[in-house]
$ cat data_11.txt   # compact mmCIF, C-alpha atoms
# COMPACT_ATOMS: atom_id res chain seq x y z
CA MET A 861 0.00 0.00 0.00
CA ASP A 862 1.64 3.26 -1.12
CA ALA A 863 -1.08 5.87 -0.53
CA LEU A 864 1.15 7.78 1.91
CA GLN A 865 4.43 7.17 0.12
CA GLY A 866 6.67 10.24 0.27
CA LEU A 867 5.42 11.38 3.68
CA ARG A 868 7.92 11.28 6.54
CA VAL A 869 6.57 10.71 10.05
CA VAL A 870 8.76 11.46 13.07
CA ASP A 871 7.30 9.51 15.96
CA PHE A 872 8.14 10.58 19.53
CA SER A 873 5.28 8.57 21.01
CA LYS A 874 5.49 5.49 23.21
CA VAL A 875 3.46 2.64 24.71
CA LEU A 876 0.26 2.03 22.68
CA ALA A 877 -1.92 4.87 21.32
CA GLY A 878 0.78 6.81 19.46
CA PRO A 879 2.74 3.79 18.20
CA LEU A 880 -0.46 2.20 16.86
CA CYS A 881 -1.29 5.46 15.06
CA THR A 882 2.12 5.65 13.39
CA GLN A 883 2.13 1.93 12.60
CA TYR A 884 -1.08 2.44 10.62
CA LEU A 885 0.52 5.35 8.77
CA GLY A 886 3.51 3.13 8.01
CA ASP A 887 1.24 0.34 6.80
CA MET A 888 -0.21 2.80 4.29
CA GLY A 889 3.20 3.72 2.89
CA ALA A 890 4.54 6.55 5.07
CA GLU A 891 8.16 6.49 6.19
CA VAL A 892 8.13 6.32 9.99
CA ILE A 893 11.15 7.16 12.13
CA LYS A 894 10.60 6.17 15.74
CA VAL A 895 12.62 8.27 18.19
CA GLU A 896 13.25 6.32 21.38
CA PRO A 897 15.12 7.00 24.61
CA LEU A 898 18.35 5.07 25.01
CA LYS A 899 16.62 2.23 26.85
CA GLY A 900 13.83 2.11 24.29
CA ASP A 901 10.07 2.38 24.44
CA ASP A 902 8.66 1.34 27.83
CA THR A 903 6.77 -1.56 26.27
CA ARG A 904 10.01 -3.22 25.20
CA ARG A 905 10.31 -4.18 28.88
CA TRP A 906 6.72 -5.42 29.37
CA PRO A 907 6.44 -9.24 29.55
CA PRO A 908 5.93 -11.63 27.91
CA PHE A 909 9.01 -11.30 25.72
CA ARG A 910 10.23 -12.39 22.31
CA LYS A 911 14.00 -12.29 22.62
CA ASP A 912 14.64 -8.92 24.35
CA ASP A 913 11.43 -7.13 23.34
CA GLY A 914 7.99 -7.17 24.94
CA THR A 915 5.17 -8.48 22.82
CA VAL A 916 3.11 -5.30 23.28
CA PHE A 917 5.97 -3.38 21.64
CA LEU A 918 6.12 -5.89 18.79
CA SER A 919 2.38 -5.53 18.14
CA VAL A 920 2.49 -1.79 17.29
CA ASN A 921 5.93 -0.94 15.89
CA ARG A 922 6.42 -2.62 12.51
CA ASN A 923 7.29 -0.57 9.41
CA LYS A 924 9.48 1.83 11.41
CA ARG A 925 13.11 2.74 11.75
CA SER A 926 14.36 3.27 15.29
CA VAL A 927 16.64 6.12 16.32
CA ALA A 928 17.86 6.26 19.93
CA LEU A 929 18.34 9.82 21.21
CA ASP A 930 18.92 11.34 24.61
CA LEU A 931 16.52 14.25 24.25
CA LYS A 932 17.78 15.76 27.52
CA SER A 933 21.20 16.34 25.96
CA PRO A 934 22.01 19.21 23.56
CA GLU A 935 23.19 16.71 20.96
CA GLY A 936 19.98 14.69 21.18
CA ARG A 937 17.78 17.77 20.91
CA GLU A 938 19.75 19.01 17.92
CA ALA A 939 19.29 15.68 16.13
CA ALA A 940 15.58 15.68 16.99
CA GLN A 941 15.18 19.18 15.59
CA ARG A 942 16.98 18.22 12.40
CA LEU A 943 14.57 15.33 12.07
CA ILE A 944 11.55 17.56 12.62
CA ALA A 945 12.78 19.92 9.91
CA THR A 946 12.50 17.01 7.45
CA ALA A 947 9.13 15.78 8.71
CA ASP A 948 5.72 16.03 7.10
CA ILE A 949 4.10 14.65 10.26
CA VAL A 950 5.21 14.68 13.91
CA VAL A 951 3.51 12.60 16.60
CA GLU A 952 4.21 12.89 20.33
CA SER A 953 2.67 11.56 23.53
CA PHE A 954 4.85 13.10 26.21
CA GLY A 955 3.48 14.02 29.61
CA PRO A 956 2.15 17.55 30.13
CA GLY A 957 4.78 20.22 29.37
CA VAL A 958 7.55 17.77 28.46
CA ALA A 959 7.58 18.42 24.69
CA ALA A 960 7.93 22.16 25.30
CA ARG A 961 10.82 21.63 27.73
CA LEU A 962 12.55 19.49 25.13
CA GLY A 963 12.01 22.06 22.38
CA ILE A 964 9.92 19.73 20.21
CA ASP A 965 6.40 21.05 20.92
CA TYR A 966 4.12 22.29 18.15
CA ASP A 967 5.39 25.90 18.17
CA SER A 968 9.01 24.71 17.98
CA ALA A 969 8.18 22.22 15.24
CA ALA A 970 6.23 24.80 13.22
CA ALA A 971 9.20 27.17 13.44
CA LEU A 972 11.35 24.46 11.87
CA ARG A 973 8.71 23.24 9.40
CA PRO A 974 5.84 25.72 8.98
CA ASP A 975 3.57 23.29 7.12
CA VAL A 976 4.06 20.42 9.57
CA VAL A 977 1.10 18.29 10.63
CA TYR A 978 1.72 17.84 14.34
CA CYS A 979 -0.31 15.42 16.44
CA SER A 980 -0.26 15.57 20.23
CA ILE A 981 -1.71 12.62 22.15
CA SER A 982 -2.52 13.18 25.81
CA GLY A 983 -4.54 11.81 28.69
CA PHE A 984 -7.08 14.57 29.31
CA GLY A 985 -6.55 17.05 26.46
CA SER A 986 -5.11 20.55 26.54
CA LYS A 987 -8.11 22.34 28.11
CA GLY A 988 -9.85 21.95 31.45
CA PRO A 989 -8.75 21.49 35.06
CA LEU A 990 -7.34 18.01 34.40
CA ASN A 991 -5.20 19.05 31.45
CA LYS A 992 -2.02 18.33 33.42
CA GLY A 993 -3.16 14.85 34.37
CA LYS A 994 -1.41 11.80 33.01
CA GLY A 995 -3.64 9.39 31.19
CA TYR A 996 -3.68 5.62 31.24
CA ASP A 997 -6.29 3.45 29.57
CA VAL A 998 -7.60 1.94 32.80
CA ILE A 999 -7.75 5.36 34.50
CA LEU A 1000 -9.98 6.69 31.72
CA GLN A 1001 -12.11 3.54 31.75
CA ALA A 1002 -12.77 4.27 35.43
CA PHE A 1003 -13.08 8.06 35.19
CA CYS A 1004 -15.39 8.17 32.19
CA GLY A 1005 -17.93 5.62 33.37
CA MET A 1006 -16.94 2.66 31.22
CA MET A 1007 -15.97 0.43 34.15
CA SER A 1008 -19.17 1.31 35.99
CA ILE A 1009 -21.21 -0.49 33.31
CA THR A 1010 -18.78 -3.37 32.58
CA GLY A 1011 -19.20 -6.72 34.30
CA GLU A 1012 -22.02 -8.83 35.63
CA GLU A 1013 -25.00 -7.19 37.31
CA ASP A 1014 -24.07 -8.21 40.86
CA GLY A 1015 -20.30 -8.15 40.39
CA PRO A 1016 -17.62 -5.49 40.73
CA ALA A 1017 -16.58 -3.01 38.07
CA VAL A 1018 -14.41 -4.69 35.45
CA ARG A 1019 -11.65 -3.38 33.18
CA SER A 1020 -11.81 -4.18 29.49
CA PRO A 1021 -8.45 -5.93 29.05
CA ILE A 1022 -7.78 -4.96 25.42
CA SER A 1023 -6.99 -1.29 26.23
CA PRO A 1024 -9.78 -0.06 23.95
CA ILE A 1025 -9.30 3.62 24.82
CA ASP A 1026 -5.59 3.56 23.97
CA GLN A 1027 -6.22 1.72 20.72
CA ALA A 1028 -9.13 3.89 19.62
CA THR A 1029 -7.18 7.05 20.47
CA GLY A 1030 -4.48 5.85 18.10
CA MET A 1031 -7.11 5.33 15.40
CA HIS A 1032 -8.63 8.76 16.01
CA ALA A 1033 -5.17 10.32 15.86
CA ALA A 1034 -4.51 8.65 12.51
CA THR A 1035 -7.86 9.87 11.19
CA GLY A 1036 -7.13 13.44 12.31
CA ILE A 1037 -3.65 13.35 10.80
CA LEU A 1038 -4.98 12.16 7.45
CA ALA A 1039 -7.63 14.90 7.45
CA ALA A 1040 -4.93 17.49 8.18
CA VAL A 1041 -2.76 16.10 5.36
CA VAL A 1042 -5.68 16.43 2.92
CA ARG A 1043 -6.19 20.03 4.01
CA LYS A 1044 -2.48 20.68 3.65
CA LEU A 1045 -2.58 19.39 0.08
CA ARG A 1046 -5.41 21.81 -0.63
CA THR A 1047 -4.15 24.90 1.24
CA GLY A 1048 -0.45 24.36 1.98
CA LYS A 1049 -1.11 24.97 5.67
CA GLY A 1050 0.07 22.79 8.53
CA CYS A 1051 -2.09 21.87 11.50
CA LYS A 1052 -1.95 20.86 15.14
CA VAL A 1053 -4.09 17.78 15.75
CA GLU A 1054 -5.00 16.85 19.32
CA ALA A 1055 -6.24 13.45 20.43
CA SER A 1056 -6.80 12.45 24.02
CA LEU A 1057 -7.83 9.37 25.92
CA PHE A 1058 -10.51 11.42 27.69
CA ASP A 1059 -12.12 12.51 24.41
CA THR A 1060 -12.02 8.95 23.10
CA ALA A 1061 -13.59 7.53 26.26
CA VAL A 1062 -16.38 10.13 26.23
CA GLY A 1063 -16.97 9.36 22.54
CA PHE A 1064 -17.32 5.67 23.37
CA MET A 1065 -19.94 6.52 25.99
CA GLY A 1066 -22.07 8.51 23.53
CA TYR A 1067 -25.18 6.37 23.25
CA VAL A 1068 -24.96 5.40 26.92
CA MET A 1069 -25.03 9.10 27.81
CA GLN A 1070 -27.93 9.65 25.43
CA SER A 1071 -29.88 7.04 27.36
CA TYR A 1072 -28.84 8.63 30.66
CA TRP A 1073 -30.18 12.02 29.56
CA GLU A 1074 -33.46 10.41 28.56
CA ARG A 1075 -33.84 8.19 31.61
CA GLY A 1076 -32.23 10.42 34.21
CA SER A 1077 -30.69 7.49 36.06
CA GLU A 1078 -27.41 5.61 36.04
CA PRO A 1079 -27.18 2.64 33.66
CA ARG A 1080 -26.71 -0.79 35.19
CA ARG A 1081 -24.27 -3.54 34.35
CA TRP A 1082 -25.57 -6.03 31.83
CA GLY A 1083 -22.78 -8.60 31.55
CA SER A 1084 -22.99 -10.00 28.02
CA ALA A 1085 -26.58 -8.78 27.58
CA HIS A 1086 -27.87 -5.61 25.90
CA GLU A 1087 -30.12 -3.12 27.63
CA SER A 1088 -32.28 -2.55 24.55
CA LEU A 1089 -32.46 -6.06 23.03
CA CYS A 1090 -33.65 -9.47 24.24
CA PRO A 1091 -32.63 -12.27 23.96
CA TYR A 1092 -29.18 -10.95 23.13
CA GLN A 1093 -26.47 -12.47 25.35
CA VAL A 1094 -24.53 -15.59 26.27
CA PHE A 1095 -26.50 -18.77 26.91
CA GLU A 1096 -25.33 -22.18 28.07
CA ALA A 1097 -25.87 -25.02 25.64
CA SER A 1098 -25.76 -28.57 26.96
CA ASP A 1099 -21.97 -28.55 26.88
CA ARG A 1100 -20.52 -25.07 26.26
CA PRO A 1101 -21.66 -21.43 26.05
CA LEU A 1102 -22.51 -19.47 22.93
CA LEU A 1103 -23.69 -15.96 22.12
CA LEU A 1104 -27.20 -15.60 20.72
CA GLY A 1105 -28.07 -12.28 19.06
CA VAL A 1106 -31.82 -11.89 18.41
CA ALA A 1107 -31.76 -8.26 17.30
CA ASN A 1108 -35.26 -7.88 15.80
CA ASP A 1109 -38.69 -9.46 15.65
CA SER A 1110 -38.07 -11.38 12.42
CA LEU A 1111 -35.09 -13.07 14.05
CA TRP A 1112 -37.19 -13.87 17.11
CA ARG A 1113 -39.77 -15.62 14.93
CA ALA A 1114 -36.99 -17.53 13.14
CA PHE A 1115 -35.52 -18.58 16.48
CA CYS A 1116 -38.87 -19.79 17.81
CA ASN A 1117 -39.42 -21.83 14.64
CA GLU A 1118 -35.92 -23.34 14.81
CA ALA A 1119 -36.45 -24.17 18.48
CA GLY A 1120 -39.73 -25.93 17.72
CA ARG A 1121 -41.72 -23.36 19.70
CA PRO A 1122 -43.46 -21.26 17.00
CA GLY A 1123 -46.22 -20.27 19.39
CA LEU A 1124 -43.81 -18.10 21.39
CA ALA A 1125 -43.52 -15.72 18.45
CA ASP A 1126 -47.24 -15.00 18.64
CA ASP A 1127 -47.43 -14.72 22.40
CA PRO A 1128 -48.32 -11.06 23.08
CA ARG A 1129 -45.85 -11.01 25.99
CA TYR A 1130 -42.97 -11.65 23.60
CA ALA A 1131 -44.17 -10.54 20.17
CA THR A 1132 -42.04 -7.39 19.87
CA ASN A 1133 -38.56 -6.57 21.06
CA ALA A 1134 -40.02 -3.97 23.42
CA ASP A 1135 -42.29 -6.68 24.87
CA ARG A 1136 -39.35 -9.04 25.32
CA VAL A 1137 -37.24 -6.37 27.00
CA HIS A 1138 -40.15 -5.58 29.33
CA ASN A 1139 -40.53 -9.29 30.17
CA ARG A 1140 -36.81 -10.02 30.09
CA ARG A 1141 -36.72 -12.43 33.03
CA GLU A 1142 -39.39 -14.73 31.58
CA VAL A 1143 -37.81 -14.62 28.11
CA LEU A 1144 -34.39 -15.53 29.47
CA GLU A 1145 -35.83 -18.45 31.44
CA LEU A 1146 -37.55 -19.77 28.32
CA VAL A 1147 -34.56 -19.34 26.04
CA SER A 1148 -32.16 -20.81 28.62
CA GLU A 1149 -34.30 -23.93 28.84
CA ILE A 1150 -34.40 -24.21 25.04
CA MET A 1151 -30.65 -23.72 24.61
CA ARG A 1152 -29.80 -26.45 27.13
CA GLY A 1153 -31.57 -28.90 24.83
CA ASP A 1154 -28.68 -29.22 22.36
CA ASP A 1155 -24.90 -28.89 22.30
CA ARG A 1156 -23.06 -25.73 21.26
CA ASP A 1157 -21.87 -26.78 17.84
CA ALA A 1158 -25.28 -28.16 16.93
CA TRP A 1159 -26.87 -24.85 17.89
CA ILE A 1160 -24.28 -22.93 15.86
CA ARG A 1161 -25.18 -25.00 12.77
CA ARG A 1162 -28.93 -24.71 13.35
CA LEU A 1163 -28.94 -20.99 14.07
CA ALA A 1164 -26.60 -20.18 11.19
CA ARG A 1165 -28.83 -22.17 8.82
CA ALA A 1166 -31.80 -20.09 9.99
CA GLY A 1167 -29.87 -16.82 9.56
CA ILE A 1168 -29.83 -16.04 13.29
CA PRO A 1169 -26.68 -14.24 14.56
CA CYS A 1170 -24.69 -16.43 16.92
CA ALA A 1171 -21.10 -17.23 17.84
CA PRO A 1172 -19.16 -19.62 20.02
CA ILE A 1173 -17.30 -18.07 22.95
CA GLN A 1174 -13.87 -18.77 21.52
CA GLY A 1175 -10.47 -18.45 23.04
CA VAL A 1176 -7.63 -16.76 21.17
CA GLY A 1177 -6.21 -20.13 20.10
CA GLU A 1178 -9.57 -21.21 18.67
CA LEU A 1179 -9.86 -17.97 16.73
CA LEU A 1180 -6.36 -18.26 15.29
CA ALA A 1181 -7.06 -21.83 14.20
CA HIS A 1182 -10.35 -20.96 12.49
CA GLU A 1183 -10.38 -21.26 8.70
CA HIS A 1184 -11.82 -17.75 8.32
CA MET A 1185 -8.74 -16.32 10.02
CA ALA A 1186 -6.48 -17.77 7.34
CA ALA A 1187 -8.78 -16.58 4.58
CA SER A 1188 -8.91 -13.05 6.03
CA GLU A 1189 -5.12 -12.57 5.63
CA MET A 1190 -5.14 -10.66 8.92
CA ILE A 1191 -2.02 -12.46 10.20
CA HIS A 1192 1.35 -11.71 8.61
CA ARG A 1193 4.53 -13.63 9.34
CA PHE A 1194 8.04 -12.17 9.34
CA ALA A 1195 11.26 -14.15 9.18
CA ASP A 1196 13.03 -11.66 11.45
CA SER A 1197 16.73 -11.97 12.26
CA ALA A 1198 16.27 -10.05 15.51
CA HIS A 1199 13.18 -11.85 16.81
CA GLY A 1200 13.03 -15.10 14.84
CA GLU A 1201 9.81 -16.08 13.10
CA LEU A 1202 7.32 -13.42 14.16
CA ASN A 1203 3.56 -13.19 13.63
CA VAL A 1204 1.85 -9.79 13.56
CA VAL A 1205 -1.73 -8.66 13.08
CA SER A 1206 -2.16 -6.77 9.80
CA GLN A 1207 -3.90 -3.45 9.35
CA PRO A 1208 -7.68 -4.09 9.39
CA LEU A 1209 -8.35 -2.51 5.99
CA ARG A 1210 -8.30 -3.49 2.35
CA PHE A 1211 -7.45 -1.19 -0.53
CA ASP A 1212 -8.65 -2.27 -3.98
CA GLY A 1213 -9.27 -5.68 -2.48
CA GLN A 1214 -5.76 -6.04 -1.12
CA ARG A 1215 -4.57 -6.12 2.47
CA PRO A 1216 -1.56 -3.84 3.13
CA ARG A 1217 1.40 -6.16 3.67
CA PRO A 1218 3.76 -5.10 6.47
CA ALA A 1219 7.10 -4.23 4.94
CA SER A 1220 9.50 -4.52 7.86
CA PRO A 1221 9.43 -6.07 11.34
CA PRO A 1222 9.62 -4.02 14.54
CA PRO A 1223 13.13 -2.56 14.91
CA ARG A 1224 15.65 -3.10 17.66
CA VAL A 1225 16.37 -0.13 19.91
CA GLY A 1226 18.29 2.45 17.89
CA GLU A 1227 18.80 0.01 15.02
CA HIS A 1228 18.83 2.81 12.45
CA THR A 1229 20.42 5.63 14.44
CA GLY A 1230 23.59 5.82 12.38
CA GLN A 1231 21.72 5.47 9.11
CA VAL A 1232 19.28 8.28 9.90
CA LEU A 1233 21.97 10.60 11.28
CA ALA A 1234 23.85 10.18 8.01
CA GLU A 1235 20.69 11.16 6.12
CA LEU A 1236 20.49 14.28 8.29
CA GLY A 1237 23.94 15.38 7.20
CA TYR A 1238 26.12 14.10 10.05
CA GLY A 1239 29.54 12.96 8.84
CA PRO A 1240 31.11 9.58 9.70
CA ALA A 1241 33.30 11.02 12.44
CA ALA A 1242 30.42 12.86 14.10
CA ILE A 1243 28.21 9.78 13.89
CA GLY A 1244 30.95 7.64 15.40
CA ARG A 1245 31.49 10.06 18.29
CA TYR A 1246 27.75 10.30 18.87
CA LEU A 1247 27.23 6.54 18.96
CA ASP A 1248 30.29 5.99 21.13
CA ALA A 1249 28.98 8.56 23.59
CA LEU A 1250 25.66 6.71 23.73
CA ALA A 1251 27.19 3.27 24.27
CA PRO A 1252 28.03 3.54 28.01
CA ARG A 1253 24.47 4.61 28.83
CA ALA A 1254 22.58 2.38 26.40
CA GLY A 1255 24.69 -0.73 26.97
CA ALA A 1256 25.66 -0.74 23.29
CA ALA A 1257 26.06 1.73 20.49
CA PRO A 1258 22.57 1.69 18.97
CA GLY A 1259 22.60 1.41 15.22
CA LYS A 1260 26.38 1.58 14.86
CA GLU A 1261 26.24 -1.34 12.46
CA ALA A 1262 23.95 0.73 10.21

$ encode --input "data_11.txt" --output "structure tokens"
Amino acid sequence: MDALQGLRVVDFSKVLAGPLCTQYLGDMGAEVIKVEPLKGDDTRRWPPFRKDDGTVFLSVNRNKRSVALDLKSPEGREAAQRLIATADIVVESFGPGVAARLGIDYDSAAALRPDVVYCSISGFGSKGPLNKGKGYDVILQAFCGMMSITGEEDGPAVRSPISPIDQATGMHAATGILAAVVRKLRTGKGCKVEASLFDTAVGFMGYVMQSYWERGSEPRRWGSAHESLCPYQVFEASDRPLLLGVANDSLWRAFCNEAGRPGLADDPRYATNADRVHNRREVLELVSEIMRGDDRDAWIRRLARAGIPCAPIQGVGELLAHEHMAASEMIHRFADSAHGELNVVSQPLRFDGQRPRPASPPPRVGEHTGQVLAELGYGPAAIGRYLDALAPRAGAAPGKEA
């Protein structure tokens, strides 16, 4: 995929939201230079590990070159500023005020590259009394009400373990960057794009808040169920659980016919979705009894044949082994000298029917430092001195072999 070919992204972000954003840009053809501290992105040290790198790092840093810089040193800041001067896009996710102290905030970047598209990713955004607060996915899940509605009705608040706010913030950031690039092509003007975990979390809560305004009361926890639909949740078959999704009245009639209980579809207590929601307890008792009458895989076949949405509650291993996973081409495999044979999840898009194929595996810390410094005009002697100066603090001279 070469839609963004010719655009240079300088990526000062770390952990998940920013790196996922820039990985998507790299998947679409942009050149991404990841600027890391000497010890590397924090997630390199998060277990479990493949060789010396954490698997979270490996999941969001393909298609990038890594440059290791000490941004607290004059030499590191100078190199960073040279990089920014060559950048079409800059992405950062430093804590409040850090980018300005390092001289790589938006105003500094725009002075070096007036038409730069600069994206700042933060916890709570730049305005409001919490604008200095640091943001973590789980903190925003708690603060913005998501945890209050996650979990079983009588259980405690539960964190969603896939870091959805981090990941969606990265997606929003990429969307904003692409919009700013389109405007730049039209007007020649740069732009500061801001994405925050707070804004993402509030956006996720949109229809829940709409219901709160209408109802005037706090929503409850529904487990796997849906407040507005019934039956629409996990049920136990005779052997294993499955998800049944009866989302409208036609599907309810089809379910009743498949279950051998066509009369239920005409029962005025259950005829419409609103009726079923109102009489939820009775509906769930009836459907639970029906579902226990056959095993999971038999129900999956029967329901699928009748066009009724359903799914087994699969583990990750089951999903990866499913034939649709192979057909989707969502898994790409690298033969990586640094990490061995490495699987990664591809970008979840197709362009003209084709999945973007990752071009390069996640880099080692500072793997391309020497290479990139040479591109910035540093001579061999200066590069050698720079890398030698880094070696005692980094444990090795990052990228010297480049």

$ closest_residue --input "data_11.txt" --among "A:Ala1085, A:Leu1247, A:Val950, A:Val1042" --to "Ile981 (chain A)" --atoms "all atoms listed in the file"
A:Val950

$ residues_near_point --input "data_11.txt" --point "(9.9, 26.5, 7.5)" --cutoff "12 Å" --atoms "all atoms listed in the file" --output "JSON, numbers by chain"
{"A": [942, 944, 945, 946, 947, 948, 967, 968, 969, 970, 971, 972, 973, 974, 975, 976, 1048, 1049, 1050]}

$ write_last_selection --input "data_11.txt" --atoms "C-alpha atoms" --output "mmCIF file, in the coordinates of the input"
data_model
loop_
_atom_site.group_PDB
_atom_site.id
_atom_site.type_symbol
_atom_site.label_atom_id
_atom_site.label_comp_id
_atom_site.auth_asym_id
_atom_site.auth_seq_id
_atom_site.Cartn_x
_atom_site.Cartn_y
_atom_site.Cartn_z
ATOM 1 C CA ARG A 942 16.980 18.220 12.400
ATOM 2 C CA ILE A 944 11.550 17.560 12.620
ATOM 3 C CA ALA A 945 12.780 19.920 9.910
ATOM 4 C CA THR A 946 12.500 17.010 7.450
ATOM 5 C CA ALA A 947 9.130 15.780 8.710
ATOM 6 C CA ASP A 948 5.720 16.030 7.100
ATOM 7 C CA ASP A 967 5.390 25.900 18.170
ATOM 8 C CA SER A 968 9.010 24.710 17.980
ATOM 9 C CA ALA A 969 8.180 22.220 15.240
ATOM 10 C CA ALA A 970 6.230 24.800 13.220
ATOM 11 C CA ALA A 971 9.200 27.170 13.440
ATOM 12 C CA LEU A 972 11.350 24.460 11.870
ATOM 13 C CA ARG A 973 8.710 23.240 9.400
ATOM 14 C CA PRO A 974 5.840 25.720 8.980
ATOM 15 C CA ASP A 975 3.570 23.290 7.120
ATOM 16 C CA VAL A 976 4.060 20.420 9.570
ATOM 17 C CA GLY A 1048 -0.450 24.360 1.980
ATOM 18 C CA LYS A 1049 -1.110 24.970 5.670
ATOM 19 C CA GLY A 1050 0.070 22.790 8.530
#

$ atom_distance --input "data_11.txt" --atom1 "CA of Gly936 (chain A)" --atom2 "CA of Arg922 (chain A)"
23.6 Å

$ residues_around --input "data_11.txt" --residues "Pro1079 (chain A)" --least-positions-apart "6" --cutoff "8 Å" --atoms "all atoms listed in the file" --output "ChimeraX atom specification"
/A:1009,1068,1072

$ write_last_selection --input "data_11.txt" --atoms "C-alpha atoms" --output "JSON list (two decimals), in the frame of the given file"
[["chain", "number", "residue", "atom", "x", "y", "z"],
["A", 1009, "ILE", "CA", -21.21, -0.49, 33.31],
["A", 1068, "VAL", "CA", -24.96, 5.40, 26.92],
["A", 1072, "TYR", "CA", -28.84, 8.63, 30.66]]

$ atom_distance --input "data_11.txt" --atom1 "CA of Ala1034 (chain A)" --atom2 "CA of Gln1214 (chain A)"
20.1 Å

$ closest_atom_pairs --input "data_11.txt" --of "region 1057-1171 of chain A" --to "region 996-1002 of chain A" --cutoff "9 Å" --atoms "all atoms listed in the file" --output "Markdown table"
| residue | atom | partner | partner_atom | distance |
| --- | --- | --- | --- | --- |
| A:Leu1057 | CA | A:Leu1000 | CA | 6.7 |
| A:Phe1058 | CA | A:Leu1000 | CA | 6.2 |
| A:Ala1061 | CA | A:Leu1000 | CA | 6.6 |

$ residues_around --input "data_11.txt" --residues "region 1186-1202 of chain A" --least-positions-apart "3" --cutoff "7 Å" --atoms "all atoms listed in the file" --output "ChimeraX atom specification"
/A:910-911,1183,1205-1206,1221

$ write_last_selection --input "data_11.txt" --atoms "C-alpha atoms" --output "tab-separated table (two decimals), in the coordinates of the input"
chain	number	residue	atom	x	y	z
A	910	ARG	CA	10.23	-12.39	22.31
A	911	LYS	CA	14.00	-12.29	22.62
A	1183	GLU	CA	-10.38	-21.26	8.70
A	1205	VAL	CA	-1.73	-8.66	13.08
A	1206	SER	CA	-2.16	-6.77	9.80
A	1221	PRO	CA	9.43	-6.07	11.34

$ residues_around --input "data_11.txt" --residues "region 873-887 of chain A" --least-positions-apart "4" --cutoff "9 Å" --atoms "only C-alpha atoms" --output "ChimeraX atom specification"
/A:861-862,864-865,869,891-892,894-896,901-904,916-917,919-924,951-954,980-981,1023,1025-1035,1038,1057,1206-1207,1216-1219

$ residues_near_point --input "data_11.txt" --point "(-13.7, -3.1, 26.0)" --cutoff "10 Å" --atoms "only C-alpha atoms" --output "list in words"
Gln1001, Met1006, Met1007, Thr1010, Val1018, Arg1019, Ser1020, Pro1021, Ile1022, Ser1023, Pro1024, Ile1025 and Phe1064 of chain A

$ write_last_selection --input "data_11.txt" --atoms "C-alpha atoms" --output "CSV table (one decimal), in the frame of the given file"
chain,number,residue,atom,x,y,z
A,1001,GLN,CA,-12.1,3.5,31.8
A,1006,MET,CA,-16.9,2.7,31.2
A,1007,MET,CA,-16.0,0.4,34.2
A,1010,THR,CA,-18.8,-3.4,32.6
A,1018,VAL,CA,-14.4,-4.7,35.4
A,1019,ARG,CA,-11.6,-3.4,33.2
A,1020,SER,CA,-11.8,-4.2,29.5
A,1021,PRO,CA,-8.4,-5.9,29.0
A,1022,ILE,CA,-7.8,-5.0,25.4
A,1023,SER,CA,-7.0,-1.3,26.2
A,1024,PRO,CA,-9.8,-0.1,24.0
A,1025,ILE,CA,-9.3,3.6,24.8
A,1064,PHE,CA,-17.3,5.7,23.4

$ axis_aligned_box --input "data_11.txt" --around "region 906-913 of chain A" --padding-each-side "3 Å" --output "JSON"
{"center_x": 10.3, "center_y": -8.9, "center_z": 25.9, "size_x": 14.7, "size_y": 13.0, "size_z": 13.2}

$ atom_distance --input "data_11.txt" --atom1 "CA of Ala1039 (chain A)" --atom2 "CA of Tyr978 (chain A)"
12.0 Å

$ residues_around --input "data_11.txt" --residues "Tyr1067 (chain A)" --least-positions-apart "4" --cutoff "12 Å" --atoms "only C-alpha atoms" --output "number ranges by chain"
A: 1062-1063, 1071-1074, 1079, 1087-1088

$ residues_around --input "data_11.txt" --residues "region 1145-1147 of chain A" --least-positions-apart "6" --cutoff "10 Å" --atoms "all atoms listed in the file" --output "list in words"
Pro1091, Phe1095, Glu1096, Leu1104, Phe1115, Cys1116, Ala1119 and Leu1124 of chain A

$ closest_residue --input "data_11.txt" --among "A:Ala1055, A:Ala1242, A:Ala1114, A:Val1106" --to "Arg1162 (chain A)" --atoms "only C-alpha atoms"
A:Ala1114

$ closest_residue --input "data_11.txt" --among "A:Ala1040, A:Leu1179, A:Leu962, A:Cys1090" --to "Val1143 (chain A)" --atoms "all atoms listed in the file"
A:Cys1090
